[in-house]
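data.txt, holding compact mmCIF, C-alpha atoms and all ligand atoms:
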# COMPACT_ATOMS: atom_id res chain seq x y z
CA MET A 1 -259.82 91.10 -170.48
CA SER A 2 -260.62 93.03 -167.36
CA THR A 3 -263.55 95.28 -166.73
CA HIS A 4 -262.16 98.67 -167.84
CA LEU A 5 -263.11 98.40 -171.50
CA HIS A 6 -266.49 97.01 -170.57
CA ILE A 7 -267.35 100.08 -168.56
CA ASN A 8 -266.60 102.33 -171.53
CA LEU A 9 -268.61 99.96 -173.70
CA ARG A 10 -271.57 100.05 -171.34
CA LYS A 11 -271.74 103.81 -171.82
CA ALA A 12 -271.60 103.56 -175.61
CA GLN A 13 -274.76 104.60 -177.47
CA ALA A 14 -274.71 101.89 -180.13
CA LEU A 15 -274.24 99.02 -177.73
CA THR A 16 -277.17 96.61 -177.71
CA LYS A 17 -275.65 93.67 -175.89
CA LEU A 18 -272.22 92.91 -174.45
CA PHE A 19 -270.74 89.44 -174.04
CA ILE A 20 -267.39 88.80 -172.38
CA ALA A 21 -265.32 85.63 -172.81
CA PRO A 22 -264.41 84.26 -170.38
CA GLY A 23 -265.06 87.24 -168.06
CA ASN A 24 -264.96 87.42 -164.28
CA ALA A 25 -267.21 88.40 -161.37
CA GLY A 26 -266.84 92.08 -162.31
CA THR A 27 -267.56 91.77 -166.02
CA GLY A 28 -270.61 89.67 -165.11
CA GLN A 29 -272.14 92.87 -163.72
CA LEU A 30 -271.57 94.73 -167.00
CA GLY A 31 -272.54 92.16 -169.59
CA GLU A 32 -272.97 88.43 -169.99
CA ASN A 33 -269.98 86.22 -169.31
CA VAL A 34 -269.46 83.41 -171.80
CA ASP A 35 -267.51 80.35 -170.78
CA LEU A 36 -265.17 80.23 -173.77
CA ALA A 37 -261.38 80.28 -173.86
CA VAL A 38 -259.95 83.18 -175.89
CA THR A 39 -258.08 80.71 -178.09
CA ASP A 40 -261.11 78.49 -178.78
CA PHE A 41 -261.65 79.88 -182.29
CA GLU A 42 -264.29 77.30 -183.28
CA GLY A 43 -266.23 77.92 -180.07
CA ILE A 44 -266.04 81.68 -180.64
CA LYS A 45 -267.19 81.19 -184.22
CA ASN A 46 -270.29 79.25 -183.20
CA PHE A 47 -271.07 81.74 -180.49
CA CYS A 48 -270.77 84.70 -182.88
CA ILE A 49 -273.09 83.08 -185.41
CA ASN A 50 -275.66 81.98 -182.84
CA ASN A 51 -275.77 85.40 -181.17
CA GLN A 52 -275.58 87.69 -184.24
CA ILE A 53 -272.42 89.33 -182.93
CA GLU A 54 -271.68 92.63 -184.67
CA MET A 55 -268.14 93.34 -183.47
CA VAL A 56 -265.38 91.38 -181.76
CA ILE A 57 -262.87 93.22 -179.58
CA VAL A 58 -259.84 91.14 -178.77
CA GLY A 59 -258.26 91.95 -175.40
CA PRO A 60 -255.18 89.74 -174.94
CA GLU A 61 -252.26 89.05 -177.28
CA GLU A 62 -252.43 85.28 -177.48
CA PRO A 63 -255.44 84.93 -179.79
CA LEU A 64 -254.10 87.77 -181.97
CA VAL A 65 -250.67 86.15 -182.31
CA LYS A 66 -252.46 82.86 -183.05
CA GLY A 67 -254.40 84.55 -185.86
CA ILE A 68 -257.95 85.12 -184.65
CA ALA A 69 -258.37 88.11 -186.99
CA ASP A 70 -257.20 86.02 -189.97
CA PHE A 71 -259.57 83.23 -188.89
CA PHE A 72 -262.51 85.63 -189.08
CA ARG A 73 -261.45 87.13 -192.42
CA SER A 74 -261.08 83.74 -194.10
CA ASP A 75 -264.38 82.29 -192.89
CA GLY A 76 -267.43 82.91 -195.08
CA ALA A 77 -269.76 83.10 -192.10
CA LEU A 78 -267.56 85.47 -190.10
CA GLN A 79 -265.84 87.71 -192.62
CA ASN A 80 -268.31 90.57 -192.24
CA ILE A 81 -267.88 90.76 -188.47
CA PRO A 82 -265.28 93.43 -187.72
CA VAL A 83 -262.46 92.32 -185.43
CA ILE A 84 -260.66 94.96 -183.40
CA GLY A 85 -257.11 93.67 -183.26
CA PRO A 86 -254.46 93.04 -185.91
CA ARG A 87 -254.01 89.95 -188.03
CA GLN A 88 -251.20 87.55 -187.25
CA LYS A 89 -248.60 89.45 -189.26
CA GLY A 90 -249.28 92.72 -187.42
CA ALA A 91 -249.46 90.95 -184.07
CA MET A 92 -245.86 89.84 -184.70
CA LEU A 93 -244.89 93.30 -183.42
CA GLU A 94 -245.56 91.73 -180.03
CA GLY A 95 -245.23 88.04 -180.91
CA SER A 96 -241.59 88.27 -182.00
CA LYS A 97 -239.06 90.69 -180.54
CA ASP A 98 -236.75 89.97 -183.48
CA PHE A 99 -239.51 90.87 -185.94
CA ALA A 100 -240.25 94.06 -183.99
CA LYS A 101 -236.59 95.11 -183.88
CA ASP A 102 -236.15 94.42 -187.58
CA PHE A 103 -239.32 96.45 -188.30
CA MET A 104 -237.99 99.40 -186.27
CA TYR A 105 -234.58 99.27 -187.91
CA ARG A 106 -236.03 99.16 -191.42
CA HIS A 107 -238.34 102.09 -190.72
CA GLY A 108 -235.82 104.22 -188.85
CA ILE A 109 -237.71 104.09 -185.54
CA PRO A 110 -235.43 104.87 -182.56
CA THR A 111 -234.72 101.76 -180.47
CA ALA A 112 -231.74 100.18 -178.68
CA ALA A 113 -229.02 98.61 -180.85
CA TYR A 114 -229.40 94.83 -180.93
CA ARG A 115 -228.55 91.47 -182.44
CA SER A 116 -230.46 88.19 -182.45
CA PHE A 117 -229.00 84.76 -181.76
CA ASP A 118 -230.07 81.12 -181.91
CA LYS A 119 -228.52 77.75 -180.95
CA GLU A 120 -226.14 77.85 -183.88
CA THR A 121 -224.82 81.31 -183.05
CA LEU A 122 -224.35 80.98 -179.28
CA GLU A 123 -220.63 81.75 -179.49
CA GLU A 124 -221.31 84.92 -181.48
CA GLY A 125 -223.77 85.85 -178.75
CA PHE A 126 -220.96 85.57 -176.20
CA SER A 127 -218.76 87.87 -178.30
CA PHE A 128 -221.63 90.34 -178.67
CA ILE A 129 -222.06 90.39 -174.88
CA ASP A 130 -218.32 91.09 -174.55
CA SER A 131 -218.70 94.05 -176.92
CA LEU A 132 -221.44 95.69 -174.80
CA MET A 133 -221.26 97.67 -171.58
CA PRO A 134 -223.28 96.29 -168.63
CA PRO A 135 -226.09 95.90 -167.76
CA TYR A 136 -227.02 93.31 -170.39
CA VAL A 137 -230.57 93.02 -171.72
CA LEU A 138 -231.63 89.57 -172.99
CA LYS A 139 -235.08 89.02 -174.47
CA ALA A 140 -236.74 85.76 -175.43
CA ASP A 141 -238.02 86.31 -178.96
CA GLY A 142 -241.53 84.93 -178.49
CA LEU A 143 -244.40 85.39 -176.03
CA ALA A 144 -243.33 84.50 -172.50
CA ALA A 145 -246.19 85.89 -170.40
CA GLY A 146 -244.20 89.01 -169.54
CA LYS A 147 -241.30 87.01 -168.10
CA GLY A 148 -239.01 86.77 -171.12
CA VAL A 149 -236.82 89.84 -170.47
CA VAL A 150 -233.79 89.40 -168.22
CA ILE A 151 -231.42 92.21 -167.26
CA LEU A 152 -228.06 91.23 -165.77
CA GLU A 153 -225.17 93.18 -164.32
CA ASN A 154 -222.26 90.95 -165.23
CA SER A 155 -221.18 89.33 -168.46
CA GLY A 156 -220.67 85.87 -166.95
CA GLU A 157 -224.28 85.82 -165.77
CA ALA A 158 -225.44 87.15 -169.12
CA LYS A 159 -223.65 84.33 -170.97
CA ALA A 160 -225.08 81.73 -168.58
CA GLU A 161 -228.57 83.17 -169.13
CA LEU A 162 -228.12 83.16 -172.90
CA THR A 163 -227.06 79.52 -172.73
CA GLN A 164 -230.10 78.59 -170.65
CA MET A 165 -232.48 80.46 -172.91
CA LEU A 166 -231.12 78.98 -176.15
CA MET A 167 -229.81 75.54 -175.22
CA ASP A 168 -232.23 74.61 -172.41
CA GLU A 169 -235.17 76.52 -173.89
CA LYS A 170 -235.71 78.21 -170.54
CA PHE A 171 -238.81 79.98 -171.91
CA GLY A 172 -239.80 77.07 -174.15
CA ALA A 173 -240.11 77.76 -177.86
CA ALA A 174 -240.18 81.50 -177.04
CA SER A 175 -236.43 81.47 -176.32
CA ARG A 176 -235.26 79.50 -179.35
CA LYS A 177 -234.19 82.91 -180.54
CA VAL A 178 -232.90 85.62 -178.21
CA VAL A 179 -232.52 89.36 -178.80
CA ILE A 180 -229.62 90.97 -176.95
CA GLU A 181 -229.79 94.72 -176.85
CA GLN A 182 -228.08 97.79 -175.54
CA PHE A 183 -229.35 98.93 -172.14
CA LEU A 184 -231.21 102.25 -172.30
CA PRO A 185 -230.97 104.37 -169.14
CA GLY A 186 -233.99 106.56 -168.52
CA ILE A 187 -237.56 106.69 -167.34
CA GLU A 188 -240.28 104.58 -168.94
CA LEU A 189 -243.73 105.46 -170.17
CA SER A 190 -246.29 103.99 -172.51
CA VAL A 191 -248.20 105.54 -175.35
CA PHE A 192 -251.31 104.08 -176.92
CA VAL A 193 -252.36 104.36 -180.52
CA VAL A 194 -255.52 103.16 -182.18
CA THR A 195 -255.37 102.77 -185.94
CA ASP A 196 -257.61 101.69 -188.81
CA GLY A 197 -254.57 100.85 -190.90
CA ALA A 198 -254.14 104.33 -192.38
CA ASN A 199 -255.41 106.90 -189.89
CA TYR A 200 -254.55 106.86 -186.23
CA LYS A 201 -255.48 108.54 -182.96
CA LEU A 202 -253.16 109.00 -180.02
CA LEU A 203 -254.76 107.98 -176.74
CA PRO A 204 -253.54 109.29 -173.36
CA SER A 205 -250.07 108.24 -172.21
CA ALA A 206 -249.49 106.27 -169.01
CA LYS A 207 -246.71 105.31 -166.65
CA ASP A 208 -246.89 101.98 -164.90
CA TYR A 209 -245.07 100.51 -161.90
CA LYS A 210 -243.78 97.10 -162.90
CA ARG A 211 -241.93 95.73 -159.89
CA ILE A 212 -243.74 94.01 -157.05
CA PHE A 213 -242.19 96.00 -154.18
CA GLU A 214 -242.00 99.68 -153.32
CA GLY A 215 -239.11 101.66 -154.71
CA ASP A 216 -239.18 99.44 -157.83
CA LYS A 217 -237.69 96.41 -156.12
CA GLY A 218 -238.27 92.71 -156.65
CA PRO A 219 -239.49 90.79 -159.68
CA ASN A 220 -241.41 92.25 -162.59
CA THR A 221 -245.18 91.94 -162.58
CA GLY A 222 -247.80 92.92 -165.13
CA GLY A 223 -247.87 96.26 -163.31
CA MET A 224 -248.78 97.27 -159.75
CA GLY A 225 -250.38 100.59 -160.64
CA ALA A 226 -250.39 103.33 -163.24
CA VAL A 227 -250.94 107.03 -163.72
CA SER A 228 -252.12 109.12 -166.67
CA PRO A 229 -251.16 111.61 -167.98
CA VAL A 230 -247.43 111.23 -167.46
CA PRO A 231 -246.19 114.53 -166.02
CA PHE A 232 -242.82 114.49 -167.84
CA ALA A 233 -244.41 113.65 -171.20
CA ASN A 234 -244.93 117.30 -172.12
CA ALA A 235 -246.08 118.59 -175.51
CA ASP A 236 -242.52 118.83 -176.81
CA PHE A 237 -241.72 115.23 -175.89
CA MET A 238 -245.05 113.92 -177.22
CA ALA A 239 -244.46 115.73 -180.53
CA LYS A 240 -241.17 113.80 -180.84
CA VAL A 241 -242.98 110.55 -180.02
CA GLU A 242 -245.57 111.22 -182.70
CA GLU A 243 -243.09 112.27 -185.40
CA THR A 244 -240.30 109.77 -184.80
CA ILE A 245 -242.28 106.76 -183.56
CA VAL A 246 -246.05 106.79 -184.10
CA LYS A 247 -246.13 108.04 -187.70
CA PRO A 248 -243.30 105.80 -188.93
CA THR A 249 -244.92 102.82 -187.18
CA VAL A 250 -248.27 103.34 -188.91
CA THR A 251 -246.73 104.11 -192.31
CA GLY A 252 -244.20 101.29 -191.85
CA LEU A 253 -247.00 98.78 -191.36
CA GLN A 254 -248.68 100.06 -194.51
CA ALA A 255 -245.43 99.97 -196.48
CA ASP A 256 -244.93 96.35 -195.39
CA GLY A 257 -248.42 95.46 -196.61
CA ILE A 258 -249.72 94.81 -193.10
CA THR A 259 -253.31 95.98 -192.58
CA TYR A 260 -253.39 96.80 -188.90
CA LYS A 261 -256.75 97.53 -187.28
CA GLY A 262 -256.53 97.84 -183.56
CA PHE A 263 -254.50 99.12 -180.68
CA ILE A 264 -250.73 99.56 -180.56
CA PHE A 265 -249.24 99.87 -177.10
CA ILE A 266 -245.75 101.35 -177.37
CA GLY A 267 -243.42 100.96 -174.39
CA LEU A 268 -240.93 103.83 -174.45
CA MET A 269 -237.79 104.90 -172.66
CA ASN A 270 -237.22 108.64 -172.24
CA VAL A 271 -233.45 108.88 -172.57
CA GLY A 272 -232.49 112.46 -171.77
CA GLY A 273 -235.59 113.83 -173.48
CA GLU A 274 -235.40 111.53 -176.52
CA PRO A 275 -237.94 108.70 -176.90
CA PHE A 276 -236.79 105.14 -177.77
CA VAL A 277 -239.05 102.12 -178.28
CA ILE A 278 -238.58 99.34 -175.72
CA GLU A 279 -241.40 97.17 -177.03
CA TYR A 280 -244.63 97.01 -178.97
CA ASN A 281 -247.77 95.25 -177.78
CA CYS A 282 -250.60 94.55 -180.20
CA ARG A 283 -253.32 95.38 -177.66
CA MET A 284 -254.05 97.58 -174.67
CA GLY A 285 -252.35 96.70 -171.37
CA ASP A 286 -253.24 96.01 -167.79
CA PRO A 287 -253.07 98.17 -165.62
CA GLU A 288 -252.46 100.92 -168.21
CA THR A 289 -255.94 100.52 -169.67
CA GLU A 290 -257.45 101.25 -166.28
CA VAL A 291 -256.06 104.80 -166.47
CA VAL A 292 -256.20 105.37 -170.25
CA LEU A 293 -259.80 104.39 -171.00
CA PRO A 294 -261.38 106.27 -168.08
CA ARG A 295 -259.92 109.42 -169.68
CA ILE A 296 -261.71 108.83 -172.97
CA LYS A 297 -264.90 110.89 -172.78
CA SER A 298 -266.20 110.29 -176.28
CA ASP A 299 -268.11 107.19 -177.31
CA ILE A 300 -265.81 104.16 -177.52
CA ILE A 301 -268.02 102.32 -180.04
CA ASP A 302 -267.75 105.33 -182.38
CA LEU A 303 -263.99 105.02 -182.10
CA LEU A 304 -264.02 101.28 -182.74
CA GLU A 305 -266.45 101.63 -185.65
CA GLY A 306 -263.98 104.11 -187.10
CA VAL A 307 -261.29 101.43 -186.82
CA ALA A 308 -263.53 98.80 -188.39
CA HIS A 309 -264.71 100.98 -191.28
CA SER A 310 -261.42 102.79 -191.96
CA SER A 311 -262.94 106.13 -191.03
CA LEU A 312 -260.98 106.95 -187.92
CA ASP A 313 -260.15 110.38 -189.37
CA LYS A 314 -263.84 111.29 -189.05
CA VAL A 315 -264.18 110.21 -185.44
CA TYR A 316 -264.18 112.77 -182.68
CA LEU A 317 -262.02 111.79 -179.72
CA GLU A 318 -262.49 113.74 -176.53
CA ILE A 319 -260.00 113.26 -173.72
CA ASP A 320 -260.72 114.07 -170.08
CA GLU A 321 -258.19 116.62 -168.85
CA ARG A 322 -258.25 115.17 -165.36
CA ALA A 323 -255.56 112.87 -163.97
CA ALA A 324 -256.21 109.16 -163.46
CA ALA A 325 -254.45 106.86 -161.01
CA THR A 326 -254.90 103.15 -160.49
CA VAL A 327 -253.61 100.93 -157.70
CA MET A 328 -253.49 97.19 -158.33
CA VAL A 329 -254.31 94.90 -155.43
CA VAL A 330 -252.78 91.45 -155.85
CA SER A 331 -252.74 88.05 -154.14
CA GLY A 332 -249.89 87.55 -151.65
CA GLY A 333 -247.03 85.73 -153.37
CA TYR A 334 -247.76 87.11 -156.86
CA PRO A 335 -245.96 87.18 -159.33
CA ASP A 336 -244.79 83.78 -158.08
CA GLU A 337 -247.03 81.25 -156.35
CA TYR A 338 -250.24 82.50 -154.72
CA GLU A 339 -253.49 81.03 -153.48
CA LYS A 340 -256.91 81.51 -155.02
CA GLY A 341 -260.47 81.33 -153.73
CA LYS A 342 -260.14 83.96 -150.95
CA ILE A 343 -263.41 85.74 -150.18
CA ILE A 344 -263.29 89.46 -151.06
CA THR A 345 -265.12 91.76 -148.67
CA GLY A 346 -265.93 95.48 -148.78
CA LEU A 347 -266.59 95.94 -152.52
CA ASP A 348 -269.94 97.53 -151.67
CA ASP A 349 -268.13 100.16 -149.59
CA VAL A 350 -266.14 101.52 -152.54
CA ASP A 351 -267.37 105.09 -152.97
CA ASN A 352 -268.46 106.74 -156.18
CA LYS A 353 -265.15 108.58 -156.67
CA THR A 354 -263.41 105.30 -157.46
CA THR A 355 -263.99 102.39 -159.82
CA ALA A 356 -262.89 98.94 -158.66
CA TYR A 357 -261.99 97.04 -161.85
CA GLN A 358 -261.98 93.35 -161.15
CA THR A 359 -259.34 91.37 -163.03
CA GLY A 360 -258.81 88.10 -161.15
CA THR A 361 -262.11 87.32 -159.45
CA LYS A 362 -264.99 84.87 -159.80
CA LEU A 363 -268.27 84.05 -158.13
CA ASP A 364 -268.05 80.91 -156.02
CA GLU A 365 -270.91 78.44 -155.60
CA HIS A 366 -272.30 80.44 -152.65
CA GLY A 367 -272.37 83.71 -154.61
CA ASN A 368 -269.28 85.18 -152.91
CA ILE A 369 -266.82 87.16 -154.99
CA VAL A 370 -263.50 85.34 -154.51
CA THR A 371 -259.95 85.80 -155.77
CA ASN A 372 -259.15 83.86 -158.91
CA GLY A 373 -255.77 85.17 -160.03
CA GLY A 374 -252.66 87.03 -159.00
CA ARG A 375 -253.95 90.41 -160.14
CA VAL A 376 -257.25 90.85 -158.36
CA ILE A 377 -258.69 94.40 -158.40
CA ALA A 378 -257.47 97.74 -159.79
CA PHE A 379 -258.78 100.85 -158.02
CA THR A 380 -258.99 103.81 -160.40
CA SER A 381 -259.86 107.40 -159.55
CA LEU A 382 -259.99 110.59 -161.59
CA ALA A 383 -259.32 114.01 -160.08
CA SER A 384 -258.16 117.45 -161.13
CA ASP A 385 -254.68 116.55 -159.87
CA LEU A 386 -252.79 113.30 -159.55
CA GLU A 387 -252.29 113.59 -155.82
CA THR A 388 -256.04 113.68 -155.19
CA ALA A 389 -256.67 110.82 -157.62
CA LEU A 390 -254.11 108.69 -155.77
CA ARG A 391 -255.56 109.57 -152.40
CA ARG A 392 -259.03 108.54 -153.55
CA SER A 393 -257.79 105.22 -154.91
CA TYR A 394 -255.85 104.39 -151.74
CA ARG A 395 -258.81 105.32 -149.56
CA ASN A 396 -260.89 102.70 -151.35
CA VAL A 397 -258.11 100.10 -151.43
CA ASP A 398 -258.35 100.22 -147.62
CA ARG A 399 -262.05 99.38 -147.72
CA VAL A 400 -261.64 96.09 -149.54
CA ASP A 401 -260.02 93.07 -147.99
CA PHE A 402 -259.13 89.44 -148.60
CA ASP A 403 -256.68 86.98 -147.12
CA GLY A 404 -253.22 87.74 -148.55
CA LYS A 405 -254.14 91.18 -149.97
CA PHE A 406 -251.02 93.05 -151.15
CA TYR A 407 -250.39 96.34 -152.94
CA ARG A 408 -247.71 99.00 -153.39
CA LYS A 409 -248.11 102.17 -151.37
CA ASP A 410 -245.85 104.31 -153.60
CA ILE A 411 -247.73 104.42 -156.91
CA GLY A 412 -247.21 107.80 -158.57
CA ARG A 413 -244.96 109.10 -155.80
CA ASP A 414 -241.95 109.53 -158.10
CA VAL A 415 -243.83 111.84 -160.47
CA LEU A 416 -245.73 113.97 -157.94
P1 LIG B 1 -240.43 94.29 -172.13
O1 LIG B 1 -241.07 92.98 -171.74
O2 LIG B 1 -239.82 94.30 -173.47
O3 LIG B 1 -241.33 95.45 -171.83
O4 LIG B 1 -239.25 94.50 -171.09
C1 LIG B 1 -239.48 94.44 -169.70
C2 LIG B 1 -238.79 95.57 -169.05
O5 LIG B 1 -237.38 95.45 -169.19
C3 LIG B 1 -239.10 96.93 -169.61
O6 LIG B 1 -240.28 97.44 -169.13
C4 LIG B 1 -237.90 97.72 -169.16
O7 LIG B 1 -238.05 98.10 -167.80
C5 LIG B 1 -236.81 96.73 -169.26
N1 LIG B 1 -236.08 96.88 -170.54
C6 LIG B 1 -236.35 96.24 -171.70
N2 LIG B 1 -235.48 96.61 -172.66
C7 LIG B 1 -234.64 97.50 -172.10
C8 LIG B 1 -233.52 98.24 -172.57
N3 LIG B 1 -233.06 98.13 -173.81
N4 LIG B 1 -232.91 99.08 -171.70
C9 LIG B 1 -233.34 99.20 -170.44
N5 LIG B 1 -234.38 98.52 -169.92
C10 LIG B 1 -235.03 97.68 -170.74
N1 LIG B 2 -248.79 96.12 -168.19
C1 LIG B 2 -248.09 95.51 -169.23
C2 LIG B 2 -248.88 94.74 -170.17
O1 LIG B 2 -250.10 94.72 -170.15
O2 LIG B 2 -248.26 94.10 -171.00
What would the structure in this file look like if it were written as structure tokens?
Amino acid sequence: MSTHLHINLRKAQALTKLFIAPGNAGTGQLGENVDLAVTDFEGIKNFCINNQIEMVIVGPEEPLVKGIADFFRSDGALQNIPVIGPRQKGAMLEGSKDFAKDFMYRHGIPTAAYRSFDKETLEEGFSFIDSLMPPYVLKADGLAAGKGVVILENSGEAKAELTQMLMDEKFGAASRKVVIEQFLPGIELSVFVVTDGANYKLLPSAKDYKRIFEGDKGPNTGGMGAVSPVPFANADFMAKVEETIVKPTVTGLQADGITYKGFIFIGLMNVGGEPFVIEYNCRMGDPETEVVLPRIKSDIIDLLEGVAHSSLDKVYLEIDERAAATVMVVSGGYPDEYEKGKIITGLDDVDNKTTAYQTGTKLDEHGNIVTNGGRVIAFTSLASDLETALRRSYRNVDRVDFDGKFYRKDIGRDVL
């Protein structure tokens, strides 16, 4: 998990001590990094017991999909420690596209028409492709580190891709099942919900910039920048999102007997003013979090305690009216091959209008902050208008340097 949540946590009244596993050079300045993998449940268990941990906030999807919340609930020594994040069944909203689509269909939540296929039904998959208009959207059912969605312009390519996904397991076990769905034309945005299983709060919306190159060209990344609020997500549109998507999602989970305590990140397409769900994630996202959480003015521990104790309806959530913009600085070559270990200079020159959230960094043996991932630092600024927020972030991006530094210069330009 990157530093954004930790900054909100640092400001929280009830916080006594903050540990981050595994953390990075940035989180090390906000709390104590713990050298534990997020899927090392036994290691996390021992750590929690030895350090009297009072709440566990799960950042990424993998431990949730692998059942970390269930692991805590079923362990006598851990069951009283609240876990922010759904159990395995709820995490399936992200862990299986087929599960998510079936959930949306059953609960009448607007989403693209689809069918799912496996090895045995490859031929039917070909016929389904023939019945659709291009472009063709193919999605590996399981977790594929953000790479499992392929959009193709011609049916021959789509059939070849389907064959590779199913027969050659192109995305490993994740593509043993493939969802093929109707292409939705429109503009994307994300909404964030936090729920205690019955009550929910809507957090600020965000728009991210997924492709590596300017003008939305090149391969998909985790996101090269984000803005919040989303200018086209006006009150009318957001009311539709809440009525047709958020409420039926929360009540649908309840109706299916799934106790969901945590964040729901809903990827949406605005198709001519009507919202459709593209995907669910069972967590917050990066870089969306770096613009959503800075706009939460109220105490984040109060919010999370509300989730833990099923009292979210009694929690006061105050949102900052200002606009937030974040620019992600990445390692040259990302999202494909890139080098690590490059010394980062200029972090001390970042001014107080901007927060530099470190995501892929570490301290080397000489105490230098060096790159340690493809996504390196997100520069977030708040301002009364988006243009100023962007200008502040870019000004500070220029102050920081490392070998291979790369970023998009057009974040937010399309919505200004
Ligand atoms: P996902 O990993 O499900 O978020 O999909 C990755 C990206 O593919 C999305 O952010 C969209 O840009 C695009 N996408 C996914 N599904 C559709 C769809 N049905 N129509 C158009 N674009 C889509
Ligand atoms: N930015 C997309 C994600 O976190 O999944």
Leaving out A:Gly341 and any residue of its chain fewer than 3 positions from it, which residues lie within 12 Å of it when counting only C-alpha atoms, given as a list in words?
Ser331, Tyr338, Ile344, Gly360, Thr361, Lys362, Leu363, Asp364, Glu365, His366, Asn368, Ile369, Val370, Thr371, Asn372, Gly373, Gly374, Val376, Phe402, Asp403 and Gly404 of chain A
I'd like the interatomic distance between atom CA of A:Glu339 and atom C1 of ligand LIG 1 (chain B), to a tenth of an Å.
25.3 Å
Long-range neighbours of stretch 385-398 of chain A as a compact mmCIF listing (two decimals) with C-alpha atoms, in the frame of the given file, 8 Å cut-off, only C-alpha atoms, 5 positions minimum in chain:
# COMPACT_ATOMS: atom_id res chain seq x y z
CA VAL A 227 -250.94 107.03 -163.72
CA ARG A 322 -258.25 115.17 -165.36
CA ALA A 323 -255.56 112.87 -163.97
CA ALA A 324 -256.21 109.16 -163.46
CA ALA A 325 -254.45 106.86 -161.01
CA THR A 326 -254.90 103.15 -160.49
CA VAL A 327 -253.61 100.93 -157.70
CA VAL A 329 -254.31 94.90 -155.43
CA ASP A 349 -268.13 100.16 -149.59
CA VAL A 350 -266.14 101.52 -152.54
CA ASP A 351 -267.37 105.09 -152.97
CA LYS A 353 -265.15 108.58 -156.67
CA THR A 354 -263.41 105.30 -157.46
CA PHE A 379 -258.78 100.85 -158.02
CA THR A 380 -258.99 103.81 -160.40
CA ILE A 411 -247.73 104.42 -156.91
CA GLY A 412 -247.21 107.80 -158.57
CA LEU A 416 -245.73 113.97 -157.94
Report the closest atom pair, with its distance in Å rounded to one decimal, for each residue of stretch 24-98 of chain A that has an atom no farther than 9 Å from stretch 240-263 of chain A; count only C-alpha atoms, sort by chain and then rising residue number, and write it as JSON lines.
{"residue": "A:Ile57", "atom": "CA", "partner": "A:Gly262", "partner_atom": "CA", "distance": 8.8}
{"residue": "A:Val58", "atom": "CA", "partner": "A:Gly262", "partner_atom": "CA", "distance": 8.9}
{"residue": "A:Val83", "atom": "CA", "partner": "A:Lys261", "partner_atom": "CA", "distance": 7.9}
{"residue": "A:Ile84", "atom": "CA", "partner": "A:Gly262", "partner_atom": "CA", "distance": 5.0}
{"residue": "A:Gly85", "atom": "CA", "partner": "A:Gly262", "partner_atom": "CA", "distance": 4.2}
{"residue": "A:Pro86", "atom": "CA", "partner": "A:Tyr260", "partner_atom": "CA", "distance": 4.9}
{"residue": "A:Arg87", "atom": "CA", "partner": "A:Tyr260", "partner_atom": "CA", "distance": 6.9}
{"residue": "A:Lys89", "atom": "CA", "partner": "A:Ile258", "partner_atom": "CA", "distance": 6.7}
{"residue": "A:Gly90", "atom": "CA", "partner": "A:Tyr260", "partner_atom": "CA", "distance": 6.0}
{"residue": "A:Ala91", "atom": "CA", "partner": "A:Tyr260", "partner_atom": "CA", "distance": 8.5}
Would you place a box with edges along x, y and z of the file around all atoms of ligand LIG 1 (chain B) listed there, add 5 Å to each of its six sides, and report the centre and edge lengths in Å to one decimal, as AutoDock Vina command-line options?
--center_x -237.1 --center_y 96.1 --center_z -170.8 --size_x 18.4 --size_y 16.2 --size_z 16.0
Contacts to ligand LIG 1 (chain B) at 6 Å cut-off (all atoms listed in the file) as a list of chain:residue names:
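Using all atoms listed in the file, everything at most 6 Å from ligand LIG 1 (chain B) comes to A:Ala112, A:Gly146, A:Val149, A:Glu181, A:Gln182, A:Phe183, A:Leu184, A:Pro185, A:Ile278, A:Glu279.
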So, with only C-alpha atoms as the atoms that count, which of A:Pro275, A:Ala239, A:Leu203, A:Leu268 lies closest to A:Ile319?
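Counting only C-alpha atoms, the residue closest to A:Ile319 is A:Leu203.
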Hey, which of A:Leu347, A:Leu36, A:Val150, A:Val191 ends up closest to A:Pro219? Count only C-alpha atoms.
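Between A:Leu347, A:Leu36, A:Val150, A:Val191, the residue approaching A:Pro219 most closely is A:Val150.
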Which is closest to A:Phe213 among A:Gly125, A:Pro335, A:Gly186, A:Pro294, if we use only C-alpha atoms?
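Result for the nearest residue to A:Phe213: A:Pro335.
In this model, the gap between atom CA of A:Asp75 and atom CA of A:Phe19 comes to 21.1 Å.
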Counting all atoms listed in the file, figure out which residue out of A:Gly95, A:Pro229, A:Pro22, A:Gly332 gets nearest to A:Ile296.
A:Pro229
Residues within 12 Å of A:Val38, please, as a ChimeraX atom specification. Count all atoms listed in the file; anything in the same chain fewer than 2 positions from it doesn't count.
/A:1,20-23,34-36,40-45,56-68
List the neighbours of A:Ser311 out to 10 Å using all atoms listed in the file; skip same-chain residues closer than 3 positions along the sequence, and give me the result as a list in words.
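Everything that qualifies: Thr195, Asp196, Gly197, Ala198, Asn199, Tyr200, Asp302, Leu303, Leu304, Glu305, Gly306, Val307, Ala308, Lys314 and Val315 of chain A.
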Would you mind reading off the distance between atom CA of A:Leu293 and atom CA of A:Glu321, one decimal, in Å?
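Separation between atom CA of A:Leu293 and atom CA of A:Glu321: 12.5 Å.
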Find the residues near A:Asn8: any atom within 9 Å, counting all atoms listed in the file, skip ones fewer than 3 places away on the same chain, and give them as a PyMOL selection string.
chain A and resi 4-5+11-12+293-294+296-297+299-301
Shortest interatomic distance to A:Glu274 - which of A:Asn352, A:Thr121, A:Asn234, A:Thr16, counting only C-alpha atoms
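Looking only at the distances to A:Glu274, the closest residue turns out to be A:Asn234.
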